[in-house]
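Okay, so here's the structure we're looking at.
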Amino acid sequence: MDTIKTRFAPSPTGWLHVGGARTALFNYLLAKQAGGTFLLRIEDTDRARHDESAVEKIIEDLRWLGLEWDEGIEVDGDNGPYRQSERLEIYTEHIGRLLNAGQAYYAFETPEELDAMRTEARAEKRNFRYPRPDPLPTAADADKARDEGRPVVVRFKIPGRDVTIRDEVFGEVTVAAAEQDDFIIAKTDGWPTYHLANVVDDALMGVNFVCRGQEFLSQTWRHVLLREAFGFAEPRYAHLPLIMDMAGRKLSKRDGAVEVHAFRTAGYLPEALVNFISLLGWNPGDGRERLTMAEMIESFSVNRINKANAKFDREKLLAFNTDAVAAADEGRLLAGFKDYLSLNETPIPTDDDSLLLHLLRINKGFRTFADIPTKCGVLFVADDAYDYDEKAVKKVLARGDGSGYAMLEYLKAKLADCEWTEETLQALIEGICAEKSIGMGKVAQPIRVAVTGSTISPDIYNTLVILGKGKTIARIDRCMARKG
RNA sequence: GAUCCCAUCGUCUAGCCAGGUCCAGGACACCGGGUUUUCAUCCCGGCAACACGGGUUCAAAUCCCGUUGGGAUCACCA
């Protein structure tokens, strides 16, 4: 038996979608587990929608996720080129082959005429099937039509028999001959349609395991028939259940990020995202949920792929990320944090590794990298550039007898004389608590609100050390001044 | 509308193929409690599902049929 060769064949329309990421991941796992090959091909036969920058985006996202391919665009191989826009001759030759063998023929309808036929079929509550002319148009007819300015396409002449697809997830699915029709394989502009290019490329590139979204299952009969016409071997098929939003609708941008890149920008770790999407439609079967890529490769199995659609639960993804962060070592976190910062506007200095490492350490328990600027960003802005959260001010400083402000006034004097290290500040503040027999909250909170404008910051000692004495005093002054 | 596919806690799912060990297990969310100088983390406890109706069987979440619900496809987009 040949070794497994899978592929991910995205159409470049933008950043990689999480659905596409899962398809890529499963293909990757399938290949890696079998010691096979994972191939990346770009399907860009739609010249009108072509977006060159999207190719780079997809490549960047796949690499960020850790899904490196063994063959394909950028890494090359023996079966290139790996973008369909560079393979026109191959498709033209194959279409010609079908034409010569009488397995395909020319058609000349305009989109309007086709629409009218479809509308009519619909009105009669029957499925539209392209009416095959008899006799079939010749090449001369095609030339004539072209001269008359009519669109010329090539349609595949279906053999007219039922087609059964043996899918490794959904089982045997049969499409009756009556449900098929002579579909287009070459467009007016001479480029092949998806079905033809996809089948030809998979066969020529040696792909023998096709794993893709379920939306293709009811179209696979076209691929089976095309392969048969060319004499290509059948690959194994595994269609994947779809990923929906929480309302059960097709995952759309409407209710949050759906692009891999958006999660990267939002401060997620790729291993958390990969782990999470691996569990959308699959699981190892032994109760484990947190899996490394190596563990996924080891335990992956098509037999355990589900048939029911899955919903994309962002809350659970967040929980996965929280755990991934807790499990990551400092080197990993530093690299991830720098990547996050490079993608976002931030007041945090990005060139000081020891500072970044320190921020990582004092923020243990953070859920995404975005939590760090949320909590510490204010420490790096100008002393008059942060806002006061009135609710926090009221609760901590202005409430009741104004003891918060009184404490702040008292603390300011003490702090002004204090040596500025974590230890000395801790000794000072704990000393005050003991001396006055009050809880830590009574002391730390007034300072926190004064110097950050909110009740959210790292522990008070680190907050003050990062700020420095001068800025701490300046901020307390600002706070007292606005008291009015 | 036609064709095909799917159906276990709110969500991801285990169990189903080889019926009994399941008054259905885990995780996320949620609720309650605890730890903590804030936020977050963390710890403990709780709530919560076999879509419905028939059938087969001594026995059904598991097998069969139907109903209902959801999804996909029906493009010169992939």
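Labeling convention for the structure tokens: chains A, B, ... as they appear, residues from 1 per chain, ligands from 1 in order of appearance.
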
If the cut-off is 6 Å, can you tell me the residues of chain A near chain B, counting only C-alpha atoms (C1' of nucleotides)? I'd like them as a PyMOL selection string. chain A and resi 125+127+187+194+215+218+308+316+365-366+440-441+444+455-456

Using DSSP assignments from the backbone, pull out every residue in region 96-298 of chain A that falls under alpha helix (DSSP H) and give it to me as a PDB file with N, CA, C and O atoms, in the first residue's frame.
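Contents of states.pdb, as written:
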```
ATOM      1  N   GLY A  96      -9.133  18.895 -23.145  1.00  0.00           N
ATOM      2  CA  GLY A  96      -9.078  18.480 -24.541  1.00  0.00           C
ATOM      3  C   GLY A  96      -9.204  16.965 -24.675  1.00  0.00           C
ATOM      4  O   GLY A  96      -9.869  16.458 -25.586  1.00  0.00           O
ATOM      5  N   ARG A  97      -8.601  16.284 -23.758  1.00  0.00           N
ATOM      6  CA  ARG A  97      -8.650  14.830 -23.784  1.00  0.00           C
ATOM      7  C   ARG A  97     -10.095  14.329 -23.672  1.00  0.00           C
ATOM      8  O   ARG A  97     -10.529  13.427 -24.378  1.00  0.00           O
ATOM      9  N   LEU A  98     -10.819  14.948 -22.763  1.00  0.00           N
ATOM     10  CA  LEU A  98     -12.222  14.565 -22.564  1.00  0.00           C
ATOM     11  C   LEU A  98     -13.060  14.918 -23.798  1.00  0.00           C
ATOM     12  O   LEU A  98     -13.926  14.150 -24.229  1.00  0.00           O
ATOM     13  N   LEU A  99     -12.750  16.085 -24.358  1.00  0.00           N
ATOM     14  CA  LEU A  99     -13.473  16.541 -25.550  1.00  0.00           C
ATOM     15  C   LEU A  99     -13.261  15.544 -26.704  1.00  0.00           C
ATOM     16  O   LEU A  99     -14.212  15.121 -27.361  1.00  0.00           O
ATOM     17  N   ASN A 100     -12.006  15.166 -26.888  1.00  0.00           N
ATOM     18  CA  ASN A 100     -11.685  14.239 -27.977  1.00  0.00           C
ATOM     19  C   ASN A 100     -12.309  12.863 -27.777  1.00  0.00           C
ATOM     20  O   ASN A 100     -12.643  12.178 -28.747  1.00  0.00           O
ATOM     21  N   PRO A 111     -25.536  33.336 -19.079  1.00  0.00           N
ATOM     22  CA  PRO A 111     -25.981  33.184 -17.683  1.00  0.00           C
ATOM     23  C   PRO A 111     -27.487  33.454 -17.561  1.00  0.00           C
ATOM     24  O   PRO A 111     -28.181  32.788 -16.794  1.00  0.00           O
ATOM     25  N   GLU A 112     -27.968  34.418 -18.338  1.00  0.00           N
ATOM     26  CA  GLU A 112     -29.391  34.754 -18.278  1.00  0.00           C
ATOM     27  C   GLU A 112     -30.255  33.574 -18.723  1.00  0.00           C
ATOM     28  O   GLU A 112     -31.277  33.260 -18.123  1.00  0.00           O
ATOM     29  N   GLU A 113     -29.819  32.935 -19.799  1.00  0.00           N
ATOM     30  CA  GLU A 113     -30.595  31.799 -20.310  1.00  0.00           C
ATOM     31  C   GLU A 113     -30.610  30.656 -19.290  1.00  0.00           C
ATOM     32  O   GLU A 113     -31.625  30.007 -19.072  1.00  0.00           O
ATOM     33  N   LEU A 114     -29.466  30.459 -18.677  1.00  0.00           N
ATOM     34  CA  LEU A 114     -29.365  29.403 -17.668  1.00  0.00           C
ATOM     35  C   LEU A 114     -30.279  29.722 -16.479  1.00  0.00           C
ATOM     36  O   LEU A 114     -30.986  28.850 -15.968  1.00  0.00           O
ATOM     37  N   ASP A 115     -30.262  30.972 -16.082  1.00  0.00           N
ATOM     38  CA  ASP A 115     -31.102  31.395 -14.964  1.00  0.00           C
ATOM     39  C   ASP A 115     -32.568  31.145 -15.255  1.00  0.00           C
ATOM     40  O   ASP A 115     -33.311  30.672 -14.400  1.00  0.00           O
ATOM     41  N   ALA A 116     -32.967  31.489 -16.481  1.00  0.00           N
ATOM     42  CA  ALA A 116     -34.370  31.318 -16.869  1.00  0.00           C
ATOM     43  C   ALA A 116     -34.761  29.845 -16.772  1.00  0.00           C
ATOM     44  O   ALA A 116     -35.832  29.498 -16.281  1.00  0.00           O
ATOM     45  N   MET A 117     -33.854  28.969 -17.228  1.00  0.00           N
ATOM     46  CA  MET A 117     -34.144  27.541 -17.178  1.00  0.00           C
ATOM     47  C   MET A 117     -34.274  27.056 -15.736  1.00  0.00           C
ATOM     48  O   MET A 117     -35.119  26.237 -15.418  1.00  0.00           O
ATOM     49  N   ARG A 118     -33.422  27.601 -14.884  1.00  0.00           N
ATOM     50  CA  ARG A 118     -33.465  27.196 -13.481  1.00  0.00           C
ATOM     51  C   ARG A 118     -34.755  27.663 -12.813  1.00  0.00           C
ATOM     52  O   ARG A 118     -35.367  26.936 -12.046  1.00  0.00           O
ATOM     53  N   THR A 119     -35.112  28.897 -13.113  1.00  0.00           N
ATOM     54  CA  THR A 119     -36.339  29.441 -12.529  1.00  0.00           C
ATOM     55  C   THR A 119     -37.541  28.607 -12.947  1.00  0.00           C
ATOM     56  O   THR A 119     -38.426  28.310 -12.151  1.00  0.00           O
ATOM     57  N   GLU A 120     -37.531  28.211 -14.190  1.00  0.00           N
ATOM     58  CA  GLU A 120     -38.630  27.403 -14.711  1.00  0.00           C
ATOM     59  C   GLU A 120     -38.691  26.060 -13.992  1.00  0.00           C
ATOM     60  O   GLU A 120     -39.752  25.607 -13.563  1.00  0.00           O
ATOM     61  N   ALA A 121     -37.522  25.458 -13.827  1.00  0.00           N
ATOM     62  CA  ALA A 121     -37.466  24.153 -13.145  1.00  0.00           C
ATOM     63  C   ALA A 121     -37.984  24.291 -11.723  1.00  0.00           C
ATOM     64  O   ALA A 121     -38.756  23.463 -11.238  1.00  0.00           O
ATOM     65  N   ARG A 122     -37.590  25.348 -11.106  1.00  0.00           N
ATOM     66  CA  ARG A 122     -37.981  25.597  -9.734  1.00  0.00           C
ATOM     67  C   ARG A 122     -39.496  25.747  -9.624  1.00  0.00           C
ATOM     68  O   ARG A 122     -40.125  25.201  -8.726  1.00  0.00           O
ATOM     69  N   ALA A 123     -40.041  26.503 -10.569  1.00  0.00           N
ATOM     70  CA  ALA A 123     -41.484  26.728 -10.577  1.00  0.00           C
ATOM     71  C   ALA A 123     -42.238  25.410 -10.725  1.00  0.00           C
ATOM     72  O   ALA A 123     -43.321  25.228 -10.181  1.00  0.00           O
ATOM     73  N   ALA A 139     -16.656  21.220 -32.505  1.00  0.00           N
ATOM     74  CA  ALA A 139     -15.678  22.287 -32.307  1.00  0.00           C
ATOM     75  C   ALA A 139     -16.006  23.443 -33.242  1.00  0.00           C
ATOM     76  O   ALA A 139     -15.830  24.618 -32.908  1.00  0.00           O
ATOM     77  N   ALA A 140     -16.493  23.122 -34.428  1.00  0.00           N
ATOM     78  CA  ALA A 140     -16.863  24.162 -35.389  1.00  0.00           C
ATOM     79  C   ALA A 140     -18.022  24.990 -34.841  1.00  0.00           C
ATOM     80  O   ALA A 140     -18.043  26.224 -34.983  1.00  0.00           O
ATOM     81  N   ASP A 141     -18.967  24.312 -34.191  1.00  0.00           N
ATOM     82  CA  ASP A 141     -20.090  25.033 -33.581  1.00  0.00           C
ATOM     83  C   ASP A 141     -19.587  25.995 -32.517  1.00  0.00           C
ATOM     84  O   ASP A 141     -20.097  27.106 -32.365  1.00  0.00           O
ATOM     85  N   ALA A 142     -18.586  25.526 -31.797  1.00  0.00           N
ATOM     86  CA  ALA A 142     -18.029  26.357 -30.733  1.00  0.00           C
ATOM     87  C   ALA A 142     -17.384  27.614 -31.314  1.00  0.00           C
ATOM     88  O   ALA A 142     -17.569  28.714 -30.800  1.00  0.00           O
ATOM     89  N   ASP A 143     -16.619  27.437 -32.393  1.00  0.00           N
ATOM     90  CA  ASP A 143     -15.983  28.590 -33.049  1.00  0.00           C
ATOM     91  C   ASP A 143     -17.030  29.581 -33.512  1.00  0.00           C
ATOM     92  O   ASP A 143     -16.877  30.791 -33.352  1.00  0.00           O
ATOM     93  N   LYS A 144     -18.082  29.057 -34.081  1.00  0.00           N
ATOM     94  CA  LYS A 144     -19.147  29.895 -34.610  1.00  0.00           C
ATOM     95  C   LYS A 144     -19.796  30.676 -33.468  1.00  0.00           C
ATOM     96  O   LYS A 144     -20.036  31.885 -33.583  1.00  0.00           O
ATOM     97  N   ALA A 145     -20.072  29.982 -32.401  1.00  0.00           N
ATOM     98  CA  ALA A 145     -20.704  30.635 -31.254  1.00  0.00           C
ATOM     99  C   ALA A 145     -19.808  31.742 -30.717  1.00  0.00           C
ATOM    100  O   ALA A 145     -20.256  32.833 -30.382  1.00  0.00           O
ATOM    101  N   ARG A 146     -18.538  31.445 -30.671  1.00  0.00           N
ATOM    102  CA  ARG A 146     -17.577  32.436 -30.182  1.00  0.00           C
ATOM    103  C   ARG A 146     -17.600  33.670 -31.072  1.00  0.00           C
ATOM    104  O   ARG A 146     -17.609  34.794 -30.589  1.00  0.00           O
ATOM    105  N   ASP A 147     -17.629  33.430 -32.376  1.00  0.00           N
ATOM    106  CA  ASP A 147     -17.674  34.541 -33.330  1.00  0.00           C
ATOM    107  C   ASP A 147     -18.935  35.384 -33.134  1.00  0.00           C
ATOM    108  O   ASP A 147     -18.932  36.598 -33.335  1.00  0.00           O
ATOM    109  N   TYR A 194     -13.426  24.435 -10.390  1.00  0.00           N
ATOM    110  CA  TYR A 194     -12.858  23.771  -9.213  1.00  0.00           C
ATOM    111  C   TYR A 194     -12.804  22.260  -9.371  1.00  0.00           C
ATOM    112  O   TYR A 194     -11.785  21.629  -9.106  1.00  0.00           O
ATOM    113  N   HIS A 195     -13.918  21.692  -9.789  1.00  0.00           N
ATOM    114  CA  HIS A 195     -14.009  20.229  -9.854  1.00  0.00           C
ATOM    115  C   HIS A 195     -12.926  19.624 -10.740  1.00  0.00           C
ATOM    116  O   HIS A 195     -12.258  18.669 -10.362  1.00  0.00           O
ATOM    117  N   LEU A 196     -12.762  20.199 -11.908  1.00  0.00           N
ATOM    118  CA  LEU A 196     -11.777  19.623 -12.810  1.00  0.00           C
ATOM    119  C   LEU A 196     -10.351  19.835 -12.307  1.00  0.00           C
ATOM    120  O   LEU A 196      -9.557  18.896 -12.230  1.00  0.00           O
ATOM    121  N   ALA A 197     -10.041  21.055 -11.929  1.00  0.00           N
ATOM    122  CA  ALA A 197      -8.670  21.353 -11.490  1.00  0.00           C
ATOM    123  C   ALA A 197      -8.308  20.538 -10.250  1.00  0.00           C
ATOM    124  O   ALA A 197      -7.207  19.987 -10.141  1.00  0.00           O
ATOM    125  N   ASN A 198      -9.253  20.431  -9.359  1.00  0.00           N
ATOM    126  CA  ASN A 198      -9.022  19.715  -8.113  1.00  0.00           C
ATOM    127  C   ASN A 198      -8.731  18.228  -8.351  1.00  0.00           C
ATOM    128  O   ASN A 198      -7.790  17.662  -7.801  1.00  0.00           O
ATOM    129  N   VAL A 199      -9.530  17.635  -9.209  1.00  0.00           N
ATOM    130  CA  VAL A 199      -9.365  16.213  -9.504  1.00  0.00           C
ATOM    131  C   VAL A 199      -8.057  15.946 -10.252  1.00  0.00           C
ATOM    132  O   VAL A 199      -7.310  15.020  -9.924  1.00  0.00           O
ATOM    133  N   VAL A 200      -7.789  16.766 -11.236  1.00  0.00           N
ATOM    134  CA  VAL A 200      -6.564  16.592 -12.022  1.00  0.00           C
ATOM    135  C   VAL A 200      -5.335  16.763 -11.124  1.00  0.00           C
ATOM    136  O   VAL A 200      -4.407  15.948 -11.151  1.00  0.00           O
ATOM    137  N   ASP A 201      -5.349  17.796 -10.305  1.00  0.00           N
ATOM    138  CA  ASP A 201      -4.198  18.049  -9.449  1.00  0.00           C
ATOM    139  C   ASP A 201      -3.997  16.955  -8.404  1.00  0.00           C
ATOM    140  O   ASP A 201      -2.879  16.500  -8.179  1.00  0.00           O
ATOM    141  N   ASP A 202      -5.070  16.558  -7.766  1.00  0.00           N
ATOM    142  CA  ASP A 202      -4.934  15.508  -6.760  1.00  0.00           C
ATOM    143  C   ASP A 202      -4.318  14.261  -7.387  1.00  0.00           C
ATOM    144  O   ASP A 202      -3.420  13.639  -6.813  1.00  0.00           O
ATOM    145  N   ALA A 203      -4.791  13.919  -8.553  1.00  0.00           N
ATOM    146  CA  ALA A 203      -4.286  12.713  -9.202  1.00  0.00           C
ATOM    147  C   ALA A 203      -2.829  12.880  -9.619  1.00  0.00           C
ATOM    148  O   ALA A 203      -1.979  12.031  -9.329  1.00  0.00           O
ATOM    149  N   LEU A 204      -2.522  13.988 -10.262  1.00  0.00           N
ATOM    150  CA  LEU A 204      -1.159  14.205 -10.735  1.00  0.00           C
ATOM    151  C   LEU A 204      -0.159  14.391  -9.596  1.00  0.00           C
ATOM    152  O   LEU A 204       1.021  14.080  -9.723  1.00  0.00           O
ATOM    153  N   THR A 220     -19.163  15.204  -4.420  1.00  0.00           N
ATOM    154  CA  THR A 220     -18.056  14.290  -4.695  1.00  0.00           C
ATOM    155  C   THR A 220     -18.331  13.363  -5.879  1.00  0.00           C
ATOM    156  O   THR A 220     -17.393  12.881  -6.516  1.00  0.00           O
ATOM    157  N   TRP A 221     -19.606  13.155  -6.167  1.00  0.00           N
ATOM    158  CA  TRP A 221     -19.910  12.307  -7.330  1.00  0.00           C
ATOM    159  C   TRP A 221     -19.248  12.848  -8.594  1.00  0.00           C
ATOM    160  O   TRP A 221     -18.835  12.078  -9.457  1.00  0.00           O
ATOM    161  N   ARG A 222     -19.128  14.175  -8.689  1.00  0.00           N
ATOM    162  CA  ARG A 222     -18.491  14.767  -9.870  1.00  0.00           C
ATOM    163  C   ARG A 222     -17.028  14.343  -9.956  1.00  0.00           C
ATOM    164  O   ARG A 222     -16.493  14.074 -11.033  1.00  0.00           O
ATOM    165  N   HIS A 223     -16.404  14.296  -8.799  1.00  0.00           N
ATOM    166  CA  HIS A 223     -14.987  13.967  -8.767  1.00  0.00           C
ATOM    167  C   HIS A 223     -14.771  12.497  -9.096  1.00  0.00           C
ATOM    168  O   HIS A 223     -13.831  12.133  -9.796  1.00  0.00           O
ATOM    169  N   VAL A 224     -15.683  11.677  -8.588  1.00  0.00           N
ATOM    170  CA  VAL A 224     -15.585  10.248  -8.861  1.00  0.00           C
ATOM    171  C   VAL A 224     -15.721  10.007 -10.368  1.00  0.00           C
ATOM    172  O   VAL A 224     -14.934   9.272 -10.973  1.00  0.00           O
ATOM    173  N   LEU A 225     -16.697  10.643 -10.974  1.00  0.00           N
ATOM    174  CA  LEU A 225     -16.945  10.469 -12.409  1.00  0.00           C
ATOM    175  C   LEU A 225     -15.784  11.005 -13.257  1.00  0.00           C
ATOM    176  O   LEU A 225     -15.390  10.395 -14.264  1.00  0.00           O
ATOM    177  N   LEU A 226     -15.274  12.137 -12.838  1.00  0.00           N
ATOM    178  CA  LEU A 226     -14.153  12.739 -13.572  1.00  0.00           C
ATOM    179  C   LEU A 226     -12.925  11.824 -13.495  1.00  0.00           C
ATOM    180  O   LEU A 226     -12.233  11.593 -14.491  1.00  0.00           O
ATOM    181  N   ARG A 227     -12.655  11.317 -12.328  1.00  0.00           N
ATOM    182  CA  ARG A 227     -11.509  10.419 -12.159  1.00  0.00           C
ATOM    183  C   ARG A 227     -11.664   9.187 -13.046  1.00  0.00           C
ATOM    184  O   ARG A 227     -10.718   8.742 -13.671  1.00  0.00           O
ATOM    185  N   GLU A 228     -12.873   8.693 -13.043  1.00  0.00           N
ATOM    186  CA  GLU A 228     -13.151   7.505 -13.839  1.00  0.00           C
ATOM    187  C   GLU A 228     -12.900   7.813 -15.317  1.00  0.00           C
ATOM    188  O   GLU A 228     -12.283   7.014 -16.035  1.00  0.00           O
ATOM    189  N   ALA A 229     -13.341   8.972 -15.759  1.00  0.00           N
ATOM    190  CA  ALA A 229     -13.160   9.339 -17.171  1.00  0.00           C
ATOM    191  C   ALA A 229     -11.680   9.442 -17.518  1.00  0.00           C
ATOM    192  O   ALA A 229     -11.262   9.105 -18.626  1.00  0.00           O
ATOM    193  N   PHE A 230     -10.876   9.906 -16.596  1.00  0.00           N
ATOM    194  CA  PHE A 230      -9.434  10.057 -16.854  1.00  0.00           C
ATOM    195  C   PHE A 230      -8.656   8.783 -16.566  1.00  0.00           C
ATOM    196  O   PHE A 230      -7.487   8.672 -16.900  1.00  0.00           O
ATOM    197  N   VAL A 260      -8.013  32.711  11.965  1.00  0.00           N
ATOM    198  CA  VAL A 260      -6.881  32.319  12.791  1.00  0.00           C
ATOM    199  C   VAL A 260      -6.075  33.552  13.186  1.00  0.00           C
ATOM    200  O   VAL A 260      -5.683  33.714  14.339  1.00  0.00           O
ATOM    201  N   HIS A 261      -5.881  34.422  12.227  1.00  0.00           N
ATOM    202  CA  HIS A 261      -5.070  35.604  12.508  1.00  0.00           C
ATOM    203  C   HIS A 261      -5.680  36.487  13.594  1.00  0.00           C
ATOM    204  O   HIS A 261      -4.961  37.115  14.372  1.00  0.00           O
ATOM    205  N   ALA A 262      -6.990  36.526  13.640  1.00  0.00           N
ATOM    206  CA  ALA A 262      -7.657  37.357  14.650  1.00  0.00           C
ATOM    207  C   ALA A 262      -7.385  36.817  16.057  1.00  0.00           C
ATOM    208  O   ALA A 262      -7.265  37.576  17.014  1.00  0.00           O
ATOM    209  N   PHE A 263      -7.283  35.506  16.178  1.00  0.00           N
ATOM    210  CA  PHE A 263      -6.981  34.930  17.494  1.00  0.00           C
ATOM    211  C   PHE A 263      -5.530  35.198  17.863  1.00  0.00           C
ATOM    212  O   PHE A 263      -5.192  35.391  19.028  1.00  0.00           O
ATOM    213  N   ARG A 264      -4.689  35.202  16.859  1.00  0.00           N
ATOM    214  CA  ARG A 264      -3.279  35.524  17.105  1.00  0.00           C
ATOM    215  C   ARG A 264      -3.168  36.957  17.608  1.00  0.00           C
ATOM    216  O   ARG A 264      -2.502  37.236  18.607  1.00  0.00           O
ATOM    217  N   THR A 265      -3.849  37.861  16.937  1.00  0.00           N
ATOM    218  CA  THR A 265      -3.831  39.269  17.323  1.00  0.00           C
ATOM    219  C   THR A 265      -4.465  39.483  18.695  1.00  0.00           C
ATOM    220  O   THR A 265      -4.096  40.389  19.426  1.00  0.00           O
ATOM    221  N   PRO A 270      -0.986  29.555  19.666  1.00  0.00           N
ATOM    222  CA  PRO A 270      -1.413  28.644  18.593  1.00  0.00           C
ATOM    223  C   PRO A 270      -1.682  27.222  19.069  1.00  0.00           C
ATOM    224  O   PRO A 270      -2.597  26.561  18.581  1.00  0.00           O
ATOM    225  N   GLU A 271      -0.901  26.757  20.055  1.00  0.00           N
ATOM    226  CA  GLU A 271      -1.127  25.384  20.504  1.00  0.00           C
ATOM    227  C   GLU A 271      -2.493  25.218  21.166  1.00  0.00           C
ATOM    228  O   GLU A 271      -3.093  24.151  21.102  1.00  0.00           O
ATOM    229  N   ALA A 272      -2.982  26.309  21.777  1.00  0.00           N
ATOM    230  CA  ALA A 272      -4.310  26.233  22.391  1.00  0.00           C
ATOM    231  C   ALA A 272      -5.387  26.191  21.310  1.00  0.00           C
ATOM    232  O   ALA A 272      -6.340  25.420  21.385  1.00  0.00           O
ATOM    233  N   LEU A 273      -5.210  27.023  20.289  1.00  0.00           N
ATOM    234  CA  LEU A 273      -6.179  27.050  19.194  1.00  0.00           C
ATOM    235  C   LEU A 273      -6.209  25.703  18.481  1.00  0.00           C
ATOM    236  O   LEU A 273      -7.277  25.152  18.197  1.00  0.00           O
ATOM    237  N   VAL A 274      -5.037  25.184  18.188  1.00  0.00           N
ATOM    238  CA  VAL A 274      -4.940  23.903  17.486  1.00  0.00           C
ATOM    239  C   VAL A 274      -5.587  22.796  18.324  1.00  0.00           C
ATOM    240  O   VAL A 274      -6.369  21.994  17.826  1.00  0.00           O
ATOM    241  N   ASN A 275      -5.286  22.777  19.595  1.00  0.00           N
ATOM    242  CA  ASN A 275      -5.859  21.764  20.485  1.00  0.00           C
ATOM    243  C   ASN A 275      -7.387  21.873  20.494  1.00  0.00           C
ATOM    244  O   ASN A 275      -8.106  20.884  20.367  1.00  0.00           O
ATOM    245  N   PHE A 276      -7.846  23.090  20.590  1.00  0.00           N
ATOM    246  CA  PHE A 276      -9.297  23.298  20.644  1.00  0.00           C
ATOM    247  C   PHE A 276      -9.996  22.863  19.356  1.00  0.00           C
ATOM    248  O   PHE A 276     -10.991  22.138  19.400  1.00  0.00           O
ATOM    249  N   ILE A 277      -9.483  23.281  18.225  1.00  0.00           N
ATOM    250  CA  ILE A 277     -10.169  22.911  16.977  1.00  0.00           C
ATOM    251  C   ILE A 277     -10.006  21.423  16.656  1.00  0.00           C
ATOM    252  O   ILE A 277     -10.824  20.855  15.957  1.00  0.00           O
ATOM    253  N   SER A 278      -8.993  20.798  17.227  1.00  0.00           N
ATOM    254  CA  SER A 278      -8.832  19.361  16.981  1.00  0.00           C
ATOM    255  C   SER A 278     -10.004  18.599  17.595  1.00  0.00           C
ATOM    256  O   SER A 278     -10.367  17.519  17.143  1.00  0.00           O
ATOM    257  N   MET A 293       0.605  18.644  20.077  1.00  0.00           N
ATOM    258  CA  MET A 293       0.572  18.224  18.685  1.00  0.00           C
ATOM    259  C   MET A 293       1.055  16.775  18.565  1.00  0.00           C
ATOM    260  O   MET A 293       0.477  15.974  17.831  1.00  0.00           O
ATOM    261  N   ALA A 294       2.093  16.443  19.319  1.00  0.00           N
ATOM    262  CA  ALA A 294       2.626  15.078  19.251  1.00  0.00           C
ATOM    263  C   ALA A 294       1.579  14.066  19.708  1.00  0.00           C
ATOM    264  O   ALA A 294       1.441  12.989  19.118  1.00  0.00           O
ATOM    265  N   GLU A 295       0.839  14.436  20.736  1.00  0.00           N
ATOM    266  CA  GLU A 295      -0.202  13.531  21.228  1.00  0.00           C
ATOM    267  C   GLU A 295      -1.348  13.402  20.226  1.00  0.00           C
ATOM    268  O   GLU A 295      -1.930  12.337  20.056  1.00  0.00           O
ATOM    269  N   MET A 296      -1.647  14.506  19.567  1.00  0.00           N
ATOM    270  CA  MET A 296      -2.707  14.452  18.550  1.00  0.00           C
ATOM    271  C   MET A 296      -2.280  13.540  17.405  1.00  0.00           C
ATOM    272  O   MET A 296      -3.062  12.728  16.920  1.00  0.00           O
ATOM    273  N   ILE A 297      -1.053  13.684  16.980  1.00  0.00           N
ATOM    274  CA  ILE A 297      -0.551  12.854  15.882  1.00  0.00           C
ATOM    275  C   ILE A 297      -0.634  11.391  16.282  1.00  0.00           C
ATOM    276  O   ILE A 297      -1.071  10.545  15.508  1.00  0.00           O
ATOM    277  N   GLU A 298      -0.249  11.127  17.498  1.00  0.00           N
ATOM    278  CA  GLU A 298      -0.249   9.749  17.971  1.00  0.00           C
ATOM    279  C   GLU A 298      -1.636   9.135  18.073  1.00  0.00           C
ATOM    280  O   GLU A 298      -1.857   7.992  17.692  1.00  0.00           O
TER     281      GLU A 298
END
```

Contacts of Pro159 (chain A) at 10 Å (only C-alpha atoms (C1' of nucleotides); same-chain gap of 3+ positions) as a ChimeraX atom specification: /A:103,156,162,177,180-182,225,229

Pull the strand (DSSP E) assignments for region 66-279 of chain A out of DSSP run on the backbone, and list those residues as JSON, numbers by chain. {"A": [71, 72, 104, 105, 106, 107, 153, 154, 155, 156, 163, 164, 165, 166, 167, 171, 172, 173, 174, 175, 184, 185, 186, 209, 210, 211, 212, 213, 236, 237, 238, 239, 240, 243, 244]}
